[in-house]
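J.: Here you go, run-v2.cif (mmCIF, C-alpha atoms (C1' of nucleotides)):
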```
data_model
#
loop_
_atom_site.label_atom_id
_atom_site.label_comp_id
_atom_site.auth_asym_id
_atom_site.auth_seq_id
_atom_site.Cartn_x
_atom_site.Cartn_y
_atom_site.Cartn_z
CA MET A 1 -13.02 -1.01 -14.61
CA ASN A 2 -9.82 0.30 -13.19
CA ASN A 3 -9.46 3.18 -15.56
CA THR A 4 -10.78 6.70 -15.92
CA ARG A 5 -12.91 6.14 -18.97
CA PHE A 6 -16.32 6.48 -17.33
CA ALA A 7 -15.19 9.65 -15.56
CA VAL A 8 -13.79 11.01 -18.81
CA GLY A 9 -16.99 10.15 -20.68
CA VAL A 10 -19.12 11.95 -18.13
CA HIS A 11 -16.76 14.91 -18.14
CA ILE A 12 -16.95 15.19 -21.92
CA LEU A 13 -20.74 14.91 -22.01
CA SER A 14 -21.09 17.45 -19.22
CA LEU A 15 -18.93 19.91 -21.11
CA LEU A 16 -20.89 19.42 -24.31
CA SER A 17 -24.11 19.79 -22.38
CA CYS A 18 -22.91 23.12 -21.02
CA HIS A 19 -22.15 24.32 -24.53
CA GLY A 20 -25.63 23.70 -25.85
CA GLU A 21 -25.68 23.18 -29.60
CA ASP A 22 -22.24 24.59 -30.26
CA TYR A 23 -19.48 22.35 -31.49
CA VAL A 24 -16.68 22.00 -28.93
CA SER A 25 -13.14 21.25 -30.07
CA SER A 26 -11.19 18.30 -28.71
CA GLU A 27 -8.49 20.70 -27.61
CA LEU A 28 -10.85 22.66 -25.41
CA ILE A 29 -12.19 19.45 -23.94
CA ALA A 30 -8.66 18.17 -23.40
CA LYS A 31 -7.75 21.31 -21.48
CA SER A 32 -10.74 20.95 -19.21
CA ILE A 33 -9.96 17.32 -18.42
CA ASN A 34 -6.22 17.91 -18.47
CA MET A 35 -5.68 15.16 -20.96
CA ASN A 36 -4.06 14.72 -24.32
CA PRO A 37 -6.30 15.86 -27.24
CA ALA A 38 -5.57 12.68 -29.19
CA MET A 39 -6.88 10.58 -26.34
CA VAL A 40 -9.91 12.79 -26.06
CA ARG A 41 -10.63 12.29 -29.74
CA LYS A 42 -10.34 8.56 -29.26
CA GLU A 43 -12.94 8.67 -26.51
CA LEU A 44 -15.09 11.01 -28.58
CA GLY A 45 -15.02 8.34 -31.26
CA VAL A 46 -16.47 5.84 -28.83
CA LEU A 47 -19.22 8.20 -27.72
CA ARG A 48 -20.00 9.00 -31.33
CA GLN A 49 -20.30 5.35 -32.26
CA THR A 50 -22.80 4.79 -29.48
CA GLY A 51 -24.83 7.69 -30.81
CA LEU A 52 -24.37 9.96 -27.84
CA ILE A 53 -22.59 12.74 -29.70
CA GLU A 54 -22.00 13.98 -33.21
CA SER A 55 -18.86 15.55 -34.60
CA LYS A 56 -17.94 17.85 -37.43
CA GLU A 57 -14.54 18.12 -39.08
CA GLY A 58 -12.78 21.23 -40.28
CA ILE A 59 -12.76 24.81 -39.06
CA GLY A 60 -15.43 25.54 -36.49
CA GLY A 61 -15.84 21.82 -36.07
CA GLY A 62 -15.83 19.71 -32.92
CA SER A 63 -18.43 17.68 -31.08
CA ARG A 64 -21.80 18.23 -29.48
CA LEU A 65 -24.54 16.13 -27.92
CA ALA A 66 -26.64 14.14 -30.36
CA ARG A 67 -29.64 14.44 -28.03
CA LYS A 68 -30.89 16.61 -25.24
CA PRO A 69 -29.18 15.86 -21.93
CA GLU A 70 -32.59 14.93 -20.50
CA HIS A 71 -32.53 11.91 -22.74
CA ILE A 72 -29.02 10.76 -22.00
CA SER A 73 -28.72 8.35 -19.08
CA PHE A 74 -25.57 7.00 -17.49
CA ASP A 75 -26.16 3.39 -18.37
CA GLU A 76 -25.47 4.35 -21.96
CA VAL A 77 -22.24 6.01 -20.98
CA TYR A 78 -21.18 2.98 -19.00
CA LEU A 79 -22.04 0.59 -21.84
CA ALA A 80 -20.13 2.79 -24.24
CA VAL A 81 -16.90 2.72 -22.26
CA LYS A 82 -17.01 -0.64 -20.53
CA GLU A 83 -15.78 -2.66 -23.48
CA ASP A 84 -15.34 -6.23 -22.24
CA SER A 85 -14.71 -5.32 -18.62
CA HIS A 86 -17.12 -6.16 -15.85
CA VAL A 87 -18.31 -4.44 -12.69
CA LEU A 88 -17.03 -7.32 -10.61
CA GLY A 89 -13.83 -7.75 -12.54
CA LEU A 90 -12.40 -10.72 -14.38
CA TYR A 91 -12.61 -14.49 -14.13
CA ARG A 92 -9.60 -16.74 -13.76
CA GLU A 93 -8.81 -18.40 -17.04
CA ASP A 94 -8.36 -22.06 -16.22
CA PRO A 95 -9.61 -23.30 -12.87
CA ASN A 96 -9.03 -26.98 -12.14
CA GLN A 97 -11.68 -29.05 -13.89
CA GLN A 98 -10.95 -32.01 -11.62
CA CYS A 99 -12.23 -30.01 -8.66
CA PRO A 100 -16.02 -29.82 -8.24
CA VAL A 101 -15.77 -26.11 -7.49
CA GLY A 102 -13.16 -25.35 -10.15
CA ALA A 103 -15.21 -27.15 -12.77
CA LYS A 104 -18.25 -24.95 -12.33
CA ILE A 105 -16.99 -21.73 -10.80
CA ASN A 106 -16.83 -19.67 -13.96
CA GLN A 107 -20.29 -20.63 -15.06
CA ALA A 108 -21.60 -19.79 -11.61
CA LEU A 109 -19.71 -16.49 -11.52
CA GLU A 110 -21.10 -15.59 -14.90
CA GLY A 111 -24.62 -15.91 -13.52
CA LEU A 112 -23.74 -13.84 -10.50
CA PHE A 113 -22.03 -11.16 -12.53
CA GLN A 114 -24.92 -10.97 -14.94
CA GLU A 115 -27.46 -10.52 -12.20
CA VAL A 116 -25.43 -7.82 -10.48
CA GLU A 117 -24.73 -5.97 -13.69
CA THR A 118 -28.41 -5.91 -14.59
CA ALA A 119 -29.29 -4.27 -11.28
CA PHE A 120 -26.35 -1.94 -11.66
CA LEU A 121 -27.44 -0.78 -15.12
CA LEU A 122 -30.98 -0.27 -13.90
CA LYS A 123 -29.64 2.13 -11.31
CA LEU A 124 -27.56 4.00 -13.88
CA ARG A 125 -30.49 4.25 -16.23
CA MET A 126 -32.30 6.32 -13.66
CA MET A 127 -29.65 9.01 -13.71
CA SER A 128 -29.69 11.55 -16.52
CA LEU A 129 -27.01 13.85 -17.77
CA ALA A 130 -29.40 16.78 -17.37
CA GLU A 131 -29.81 16.01 -13.70
CA PHE A 132 -26.08 15.63 -13.25
CA THR A 133 -25.08 18.87 -14.95
CA LYS A 134 -27.26 20.99 -12.71
CA VAL A 135 -24.27 21.38 -10.42
CA PHE A 136 -22.37 23.29 -13.05
CA ARG A 137 -24.89 26.12 -13.31
CA MET B 1 -11.94 -3.41 -10.76
CA ASN B 2 -9.98 -4.86 -13.62
CA ASN B 3 -8.54 -7.75 -11.71
CA THR B 4 -9.62 -11.20 -10.64
CA ARG B 5 -9.75 -10.57 -6.92
CA PHE B 6 -13.50 -10.76 -6.47
CA ALA B 7 -13.65 -13.96 -8.50
CA VAL B 8 -10.76 -15.39 -6.50
CA GLY B 9 -12.40 -14.41 -3.21
CA VAL B 10 -15.65 -16.10 -4.18
CA HIS B 11 -13.79 -19.16 -5.39
CA ILE B 12 -11.91 -19.46 -2.09
CA LEU B 13 -15.04 -19.02 0.01
CA SER B 14 -16.94 -21.53 -2.10
CA LEU B 15 -14.20 -24.09 -1.62
CA LEU B 16 -14.11 -23.53 2.11
CA SER B 17 -17.87 -23.75 2.24
CA CYS B 18 -17.73 -27.12 0.50
CA HIS B 19 -15.23 -28.36 3.08
CA GLY B 20 -17.42 -27.61 6.05
CA GLU B 21 -15.44 -27.11 9.24
CA ASP B 22 -12.23 -28.67 7.97
CA TYR B 23 -9.16 -26.55 7.45
CA VAL B 24 -8.18 -26.33 3.80
CA SER B 25 -4.55 -25.72 2.83
CA SER B 26 -3.52 -22.87 0.59
CA GLU B 27 -1.94 -25.39 -1.73
CA LEU B 28 -5.20 -27.23 -2.28
CA ILE B 29 -6.98 -23.93 -2.88
CA ALA B 30 -4.25 -22.83 -5.25
CA LYS B 31 -4.65 -25.99 -7.30
CA SER B 32 -8.38 -25.49 -7.61
CA ILE B 33 -8.01 -21.89 -8.76
CA ASN B 34 -4.86 -22.64 -10.71
CA MET B 35 -2.95 -19.91 -8.97
CA ASN B 36 0.26 -19.57 -7.00
CA PRO B 37 -0.11 -20.64 -3.33
CA ALA B 38 1.68 -17.50 -2.12
CA MET B 39 -0.85 -15.30 -3.86
CA VAL B 40 -3.65 -17.39 -2.46
CA ARG B 41 -2.26 -16.88 1.05
CA LYS B 42 -2.12 -13.17 0.42
CA GLU B 43 -5.79 -13.14 -0.51
CA LEU B 44 -6.58 -15.40 2.44
CA GLY B 45 -4.98 -12.74 4.60
CA VAL B 46 -7.41 -10.16 3.28
CA LEU B 47 -10.41 -12.40 3.86
CA ARG B 48 -9.16 -13.19 7.35
CA GLN B 49 -8.75 -9.53 8.23
CA THR B 50 -12.36 -8.86 7.22
CA GLY B 51 -13.44 -11.66 9.49
CA LEU B 52 -14.75 -13.95 6.78
CA ILE B 53 -12.37 -16.80 7.44
CA GLU B 54 -10.02 -18.10 10.12
CA SER B 55 -6.70 -19.82 9.64
CA LYS B 56 -4.49 -22.19 11.56
CA GLU B 57 -0.77 -22.62 11.12
CA GLY B 58 1.24 -25.84 11.24
CA ILE B 59 0.45 -29.40 10.26
CA GLY B 60 -3.22 -29.99 9.55
CA GLY B 61 -3.64 -26.24 9.35
CA GLY B 62 -5.23 -24.12 6.67
CA SER B 63 -8.31 -21.94 6.47
CA ARG B 64 -12.04 -22.32 6.95
CA LEU B 65 -15.10 -20.10 7.06
CA ALA B 66 -15.47 -18.04 10.21
CA ARG B 67 -19.26 -18.21 9.89
CA LYS B 68 -21.89 -20.31 8.24
CA PRO B 69 -22.22 -19.60 4.51
CA GLU B 70 -25.81 -18.53 5.12
CA HIS B 71 -24.42 -15.53 6.91
CA ILE B 72 -21.82 -14.51 4.38
CA SER B 73 -23.05 -12.13 1.71
CA PHE B 74 -21.22 -10.89 -1.33
CA ASP B 75 -21.11 -7.26 -0.35
CA GLU B 76 -18.62 -8.28 2.33
CA VAL B 77 -16.50 -10.05 -0.22
CA TYR B 78 -16.56 -7.05 -2.50
CA LEU B 79 -15.66 -4.65 0.29
CA ALA B 80 -12.83 -6.95 1.34
CA VAL B 81 -11.18 -7.01 -2.07
CA LYS B 82 -12.08 -3.62 -3.54
CA GLU B 83 -9.36 -1.68 -1.75
CA ASP B 84 -9.53 1.87 -3.10
CA SER B 85 -11.00 0.94 -6.45
CA HIS B 86 -14.49 1.90 -7.48
CA VAL B 87 -17.27 0.25 -9.48
CA LEU B 88 -17.21 3.11 -11.94
CA GLY B 89 -13.44 3.37 -12.04
CA LEU B 90 -11.11 6.24 -11.26
CA TYR B 91 -11.26 10.02 -11.37
CA ARG B 92 -8.84 12.14 -13.33
CA GLU B 93 -6.33 13.71 -11.02
CA ASP B 94 -6.24 17.35 -11.95
CA PRO B 95 -9.02 18.71 -14.09
CA ASN B 96 -8.78 22.38 -15.04
CA GLN B 97 -9.98 24.52 -12.16
CA GLN B 98 -10.46 27.49 -14.49
CA CYS B 99 -13.22 25.62 -16.28
CA PRO B 100 -16.65 25.58 -14.60
CA VAL B 101 -16.99 21.90 -15.32
CA GLY B 102 -13.42 20.96 -14.49
CA ALA B 103 -13.65 22.80 -11.20
CA LYS B 104 -16.54 20.74 -9.92
CA ILE B 105 -16.43 17.51 -11.86
CA ASN B 106 -14.68 15.38 -9.28
CA GLN B 107 -16.96 16.45 -6.49
CA ALA B 108 -19.96 15.74 -8.70
CA LEU B 109 -18.57 12.38 -9.76
CA GLU B 110 -17.96 11.47 -6.17
CA GLY B 111 -21.64 11.96 -5.42
CA LEU B 112 -22.63 9.91 -8.44
CA PHE B 113 -20.19 7.13 -7.64
CA GLN B 114 -21.33 7.01 -4.05
CA GLU B 115 -24.97 6.71 -5.00
CA VAL B 116 -24.31 3.98 -7.52
CA GLU B 117 -22.07 2.06 -5.17
CA THR B 118 -24.67 2.13 -2.44
CA ALA B 119 -27.27 0.56 -4.72
CA PHE B 120 -24.69 -1.90 -5.95
CA LEU B 121 -23.79 -3.03 -2.45
CA LEU B 122 -27.43 -3.40 -1.56
CA LYS B 123 -27.80 -5.82 -4.43
CA LEU B 124 -24.74 -7.79 -3.36
CA ARG B 125 -25.94 -7.94 0.20
CA MET B 126 -28.94 -9.92 -0.94
CA MET B 127 -26.78 -12.70 -2.30
CA SER B 128 -25.41 -15.25 0.14
CA LEU B 129 -22.54 -17.68 -0.22
CA ALA B 130 -24.89 -20.49 0.80
CA GLU B 131 -27.18 -19.69 -2.09
CA PHE B 132 -24.27 -19.45 -4.49
CA THR B 133 -22.64 -22.74 -3.53
CA LYS B 134 -25.77 -24.77 -4.21
CA VAL B 135 -24.51 -25.27 -7.74
CA PHE B 136 -21.57 -27.28 -6.51
CA ARG B 137 -23.66 -29.98 -4.88
"C1'" DA C 1 13.94 -32.75 19.98
"C1'" DA C 2 13.73 -33.33 15.19
"C1'" DA C 3 11.11 -33.77 11.07
"C1'" DA C 4 7.17 -32.65 8.33
"C1'" DA C 5 3.35 -29.85 6.83
"C1'" DC C 6 1.68 -25.96 7.19
"C1'" DT C 7 1.16 -20.35 7.32
"C1'" DG C 8 2.68 -15.41 6.84
"C1'" DT C 9 5.39 -12.21 4.66
"C1'" DA C 10 8.68 -10.00 1.81
"C1'" DA C 11 11.46 -9.38 -2.24
"C1'" DT C 12 11.81 -9.62 -6.94
"C1'" DA C 13 10.42 -10.58 -11.70
"C1'" DT C 14 7.22 -10.74 -15.49
"C1'" DA C 15 3.20 -9.53 -17.99
"C1'" DA C 16 -0.62 -6.78 -19.08
"C1'" DA C 17 -3.36 -2.70 -19.05
"C1'" DT C 18 -3.58 2.24 -19.06
"C1'" DT C 19 -2.18 6.62 -20.26
"C1'" DA C 20 0.72 9.79 -22.88
"C1'" DT C 21 2.84 11.74 -26.92
"C1'" DA C 22 3.88 12.62 -31.59
"C1'" DT C 23 2.63 12.60 -36.33
"C1'" DC C 24 0.09 13.14 -40.35
"C1'" DA C 25 -3.50 12.63 -43.89
"C1'" DG C 26 -8.11 14.27 -44.66
"C1'" DT C 27 -12.05 17.76 -44.11
"C1'" DT C 28 -14.18 22.25 -44.02
"C1'" DG C 29 -14.78 27.23 -43.66
"C1'" DT C 30 -12.76 31.71 -44.95
"C1'" DA D 1 -4.45 28.40 -50.43
"C1'" DC D 2 -4.43 28.64 -45.68
"C1'" DA D 3 -5.89 27.69 -41.06
"C1'" DA D 4 -8.40 25.08 -37.70
"C1'" DC D 5 -10.16 21.27 -37.08
"C1'" DT D 6 -10.95 15.70 -36.88
"C1'" DG D 7 -9.63 10.68 -37.38
"C1'" DA D 8 -6.38 7.41 -37.09
"C1'" DT D 9 -2.06 5.11 -36.17
"C1'" DA D 10 2.28 4.12 -34.11
"C1'" DT D 11 5.17 4.19 -30.36
"C1'" DA D 12 6.64 5.12 -25.64
"C1'" DA D 13 6.14 5.59 -20.75
"C1'" DT D 14 3.87 4.49 -16.66
"C1'" DT D 15 1.10 1.98 -13.57
"C1'" DT D 16 -1.27 -2.09 -12.12
"C1'" DA D 17 -1.75 -7.01 -11.78
"C1'" DT D 18 0.10 -11.46 -11.52
"C1'" DA D 19 3.73 -14.86 -10.77
"C1'" DT D 20 7.68 -16.82 -8.54
"C1'" DT D 21 10.96 -17.72 -5.00
"C1'" DA D 22 12.49 -17.89 -0.54
"C1'" DC D 23 12.44 -18.31 4.22
"C1'" DA D 24 11.28 -17.61 9.12
"C1'" DG D 25 7.72 -19.06 12.30
"C1'" DT D 26 3.97 -22.41 14.02
"C1'" DT D 27 1.98 -26.79 15.13
"C1'" DT D 28 1.54 -31.81 15.04
"C1'" DT D 29 3.61 -36.29 14.89
"C1'" DT D 30 7.12 -39.53 15.88
#
```
Show me, as structure tokens, the structure contained in the file I just sent.
T.:
Amino acid sequence: MNNTRFAVGVHILSLLSCHGEDYVSSELIAKSINMNPAMVRKELGVLRQTGLIESKEGIGGGSRLARKPEHISFDEVYLAVKEDSHVLGLYREDPNQQCPVGAKINQALEGLFQEVETAFLLKLRMMSLAEFTKVFR
Amino acid sequence: MNNTRFAVGVHILSLLSCHGEDYVSSELIAKSINMNPAMVRKELGVLRQTGLIESKEGIGGGSRLARKPEHISFDEVYLAVKEDSHVLGLYREDPNQQCPVGAKINQALEGLFQEVETAFLLKLRMMSLAEFTKVFR
DNA sequence: AAAAACTGTAATATAAATTATATCAGTTGT
DNA sequence: ACAACTGATATAATTTATATTACAGTTTTT
């Protein structure tokens, strides 16, 4: 995760949260983030697919939260944007199988990564969008 | 963290752990990881600066653990390799200060990131190199 | 004291990931 | 029919990560 996607996701959801049930255009969102509207729409697509937001086309269209911010937690946001990345990064592709460590390192790392990610998600699950957006009011 | 540095760090430390008090050359390490020796030495430099390993130049030289693996935990490894990256990624550089959300988002994200990272490090601190390397024996 | 086996570091090149921009067809309200 | 939107795609620019090469400096051995 060496990108801004989680930050962007949270920014988007915070904005939508602040706009209640109104639909917010990608252009308005883009201006707030200072980001290209096309990229915002791409990220909106991801959030929509995970069921966090809903969008409407045409005049007066845009996006809004699919649920109350009380019921949106950050683990969902993370899972939506993480794709195949990992909190602890990547593995090396082909460690030396002749070496006792090289032969088993990736399997061992996978276990470690899994365990850490589980704890990590548990922490994120405890944090809601509603709680987070209090700062903006 | 969209790189292999944590994995590489753990791989190096595991190898050293398996070699007890012997010095292990960067070339041997590089072969195990399947990585260029110069890059390995660069990473060794980072681990050395954090006090996790010690190195010796010249013939018969190389690196070894500075402490027993029982006393090396993964939060140290993470802190050594993370540099300025963050578990949850990066912030956007200049959100719109005219927007109530844009004006405060980075400050709010910083709090969130901090809290998550603290929990994350706590989890890593509970995992020792000694425990991890059991798989290799 | 010279050779050999190492490290430490820097410079440069290549590859991959991230972000930006431009474009346009399709939808919906007026 | 027009205007304000979304959704999607293609392409470019930028940044980050990885690889490679080279060489001066250190330490042991002969």
J.: Mind listing as a list in words which residues of chain B are within 8 Å of chain D, counting only C-alpha atoms (C1' of nucleotides)?
T.: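 Listing them in order of chain and number gives Asn3, Asn36, Glu57, Gly58, Ile59 and Gly60 of chain B.
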J.: Carefully work through the PyMOL selection byres ((chain A and resi 26) around 12) for this structure and note down the residues it includes, as an mmCIF file with C-alpha atoms (C1' of nucleotides), in the coordinates of the input.
T.:
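Wrote it out as selection_26.cif, contents follow:
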```cif
data_model
loop_
_atom_site.group_PDB
_atom_site.id
_atom_site.type_symbol
_atom_site.label_atom_id
_atom_site.label_comp_id
_atom_site.auth_asym_id
_atom_site.auth_seq_id
_atom_site.Cartn_x
_atom_site.Cartn_y
_atom_site.Cartn_z
ATOM 1 C CA ILE A 12 -16.950 15.190 -21.920
ATOM 2 C CA LEU A 15 -18.930 19.910 -21.110
ATOM 3 C CA LEU A 16 -20.890 19.420 -24.310
ATOM 4 C CA TYR A 23 -19.480 22.350 -31.490
ATOM 5 C CA VAL A 24 -16.680 22.000 -28.930
ATOM 6 C CA SER A 25 -13.140 21.250 -30.070
ATOM 7 C CA GLU A 27 -8.490 20.700 -27.610
ATOM 8 C CA LEU A 28 -10.850 22.660 -25.410
ATOM 9 C CA ILE A 29 -12.190 19.450 -23.940
ATOM 10 C CA ALA A 30 -8.660 18.170 -23.400
ATOM 11 C CA LYS A 31 -7.750 21.310 -21.480
ATOM 12 C CA SER A 32 -10.740 20.950 -19.210
ATOM 13 C CA ILE A 33 -9.960 17.320 -18.420
ATOM 14 C CA ASN A 34 -6.220 17.910 -18.470
ATOM 15 C CA MET A 35 -5.680 15.160 -20.960
ATOM 16 C CA ASN A 36 -4.060 14.720 -24.320
ATOM 17 C CA PRO A 37 -6.300 15.860 -27.240
ATOM 18 C CA ALA A 38 -5.570 12.680 -29.190
ATOM 19 C CA MET A 39 -6.880 10.580 -26.340
ATOM 20 C CA VAL A 40 -9.910 12.790 -26.060
ATOM 21 C CA ARG A 41 -10.630 12.290 -29.740
ATOM 22 C CA LYS A 42 -10.340 8.560 -29.260
ATOM 23 C CA GLU A 43 -12.940 8.670 -26.510
ATOM 24 C CA LEU A 44 -15.090 11.010 -28.580
ATOM 25 C CA GLY A 45 -15.020 8.340 -31.260
ATOM 26 C CA SER A 55 -18.860 15.550 -34.600
ATOM 27 C CA LYS A 56 -17.940 17.850 -37.430
ATOM 28 C CA GLU A 57 -14.540 18.120 -39.080
ATOM 29 C CA GLY A 60 -15.430 25.540 -36.490
ATOM 30 C CA GLY A 61 -15.840 21.820 -36.070
ATOM 31 C CA GLY A 62 -15.830 19.710 -32.920
ATOM 32 C CA SER A 63 -18.430 17.680 -31.080
ATOM 33 C CA ARG A 64 -21.800 18.230 -29.480
ATOM 34 C "C1'" DA D 4 -8.400 25.080 -37.700
ATOM 35 C "C1'" DC D 5 -10.160 21.270 -37.080
ATOM 36 C "C1'" DT D 6 -10.950 15.700 -36.880
ATOM 37 C "C1'" DG D 7 -9.630 10.680 -37.380
#
```
J.: With only C-alpha atoms (C1' of nucleotides) as the counted atoms, please give the residues lying no more than 9 Å from Leu13 of chain A, apart from itself and same-chain residues fewer than 2 positions off, as a ChimeraX atom specification.
T.: /A:8-11,15-18,47,52-53,64-65,69,129
J.: What residues in chain C have any atom no more than 12 Å from chain B when counting all atoms listed in the file, and can you write them as a PDB file with C-alpha atoms (C1' of nucleotides), keeping the file's coordinate frame?
T.:
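What follows is the written file selection_30.pdb:
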```pdb
ATOM      1  C1'  DA C   3      11.110 -33.770  11.070  1.00  0.00           C
ATOM      2  C1'  DA C   4       7.170 -32.650   8.330  1.00  0.00           C
ATOM      3  C1'  DA C   5       3.350 -29.850   6.830  1.00  0.00           C
ATOM      4  C1'  DC C   6       1.680 -25.960   7.190  1.00  0.00           C
ATOM      5  C1'  DT C   7       1.160 -20.350   7.320  1.00  0.00           C
ATOM      6  C1'  DG C   8       2.680 -15.410   6.840  1.00  0.00           C
ATOM      7  C1'  DT C   9       5.390 -12.210   4.660  1.00  0.00           C
ATOM      8  C1'  DA C  10       8.680 -10.000   1.810  1.00  0.00           C
ATOM      9  C1'  DA C  16      -0.620  -6.780 -19.080  1.00  0.00           C
ATOM     10  C1'  DA C  17      -3.360  -2.700 -19.050  1.00  0.00           C
ATOM     11  C1'  DT C  18      -3.580   2.240 -19.060  1.00  0.00           C
ATOM     12  C1'  DT C  19      -2.180   6.620 -20.260  1.00  0.00           C
TER      13       DT C  19
END
```
J.: Given the file shown, enumerate the residues that the PyMOL selection byres ((chain B) within 7 of (chain A)) captures and present them as an mmCIF file with C-alpha atoms, in the coordinates of the input.
T.:
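Final output, expr-v3.cif:
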```cif
data_model
loop_
_atom_site.group_PDB
_atom_site.id
_atom_site.type_symbol
_atom_site.label_atom_id
_atom_site.label_comp_id
_atom_site.auth_asym_id
_atom_site.auth_seq_id
_atom_site.Cartn_x
_atom_site.Cartn_y
_atom_site.Cartn_z
ATOM 1 C CA MET B 1 -11.940 -3.410 -10.760
ATOM 2 C CA ASN B 2 -9.980 -4.860 -13.620
ATOM 3 C CA ASN B 3 -8.540 -7.750 -11.710
ATOM 4 C CA THR B 4 -9.620 -11.200 -10.640
ATOM 5 C CA PHE B 6 -13.500 -10.760 -6.470
ATOM 6 C CA ALA B 7 -13.650 -13.960 -8.500
ATOM 7 C CA HIS B 11 -13.790 -19.160 -5.390
ATOM 8 C CA LEU B 15 -14.200 -24.090 -1.620
ATOM 9 C CA LYS B 31 -4.650 -25.990 -7.300
ATOM 10 C CA SER B 32 -8.380 -25.490 -7.610
ATOM 11 C CA ILE B 33 -8.010 -21.890 -8.760
ATOM 12 C CA ASN B 34 -4.860 -22.640 -10.710
ATOM 13 C CA SER B 85 -11.000 0.940 -6.450
ATOM 14 C CA VAL B 87 -17.270 0.250 -9.480
ATOM 15 C CA LEU B 88 -17.210 3.110 -11.940
ATOM 16 C CA GLY B 89 -13.440 3.370 -12.040
ATOM 17 C CA LEU B 90 -11.110 6.240 -11.260
ATOM 18 C CA TYR B 91 -11.260 10.020 -11.370
ATOM 19 C CA ARG B 92 -8.840 12.140 -13.330
ATOM 20 C CA ASP B 94 -6.240 17.350 -11.950
ATOM 21 C CA PRO B 95 -9.020 18.710 -14.090
ATOM 22 C CA ASN B 96 -8.780 22.380 -15.040
ATOM 23 C CA CYS B 99 -13.220 25.620 -16.280
ATOM 24 C CA PRO B 100 -16.650 25.580 -14.600
ATOM 25 C CA VAL B 101 -16.990 21.900 -15.320
ATOM 26 C CA GLY B 102 -13.420 20.960 -14.490
ATOM 27 C CA ILE B 105 -16.430 17.510 -11.860
ATOM 28 C CA VAL B 116 -24.310 3.980 -7.520
ATOM 29 C CA PHE B 120 -24.690 -1.900 -5.950
ATOM 30 C CA LYS B 123 -27.800 -5.820 -4.430
ATOM 31 C CA PHE B 136 -21.570 -27.280 -6.510
#
```
J.: To one decimal place, how far is atom CA of Arg125 of chain B from atom CA of Asp75 of chain A in Å?
T.: 21.8 Å
J.: Atom C1' of DC24 of chain C and atom CA of Gln49 of chain A are how many Å apart?
T.: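 Interatomic distance here is 23.3 Å.
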J.: As an exercise, work out the distance from atom CA of Val46 of chain B to atom CA of Glu76 of chain B in Å and give it to one decimal place.
T.: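 Separation of atom CA of Val46 of chain B and atom CA of Glu76 of chain B: 11.4 Å.
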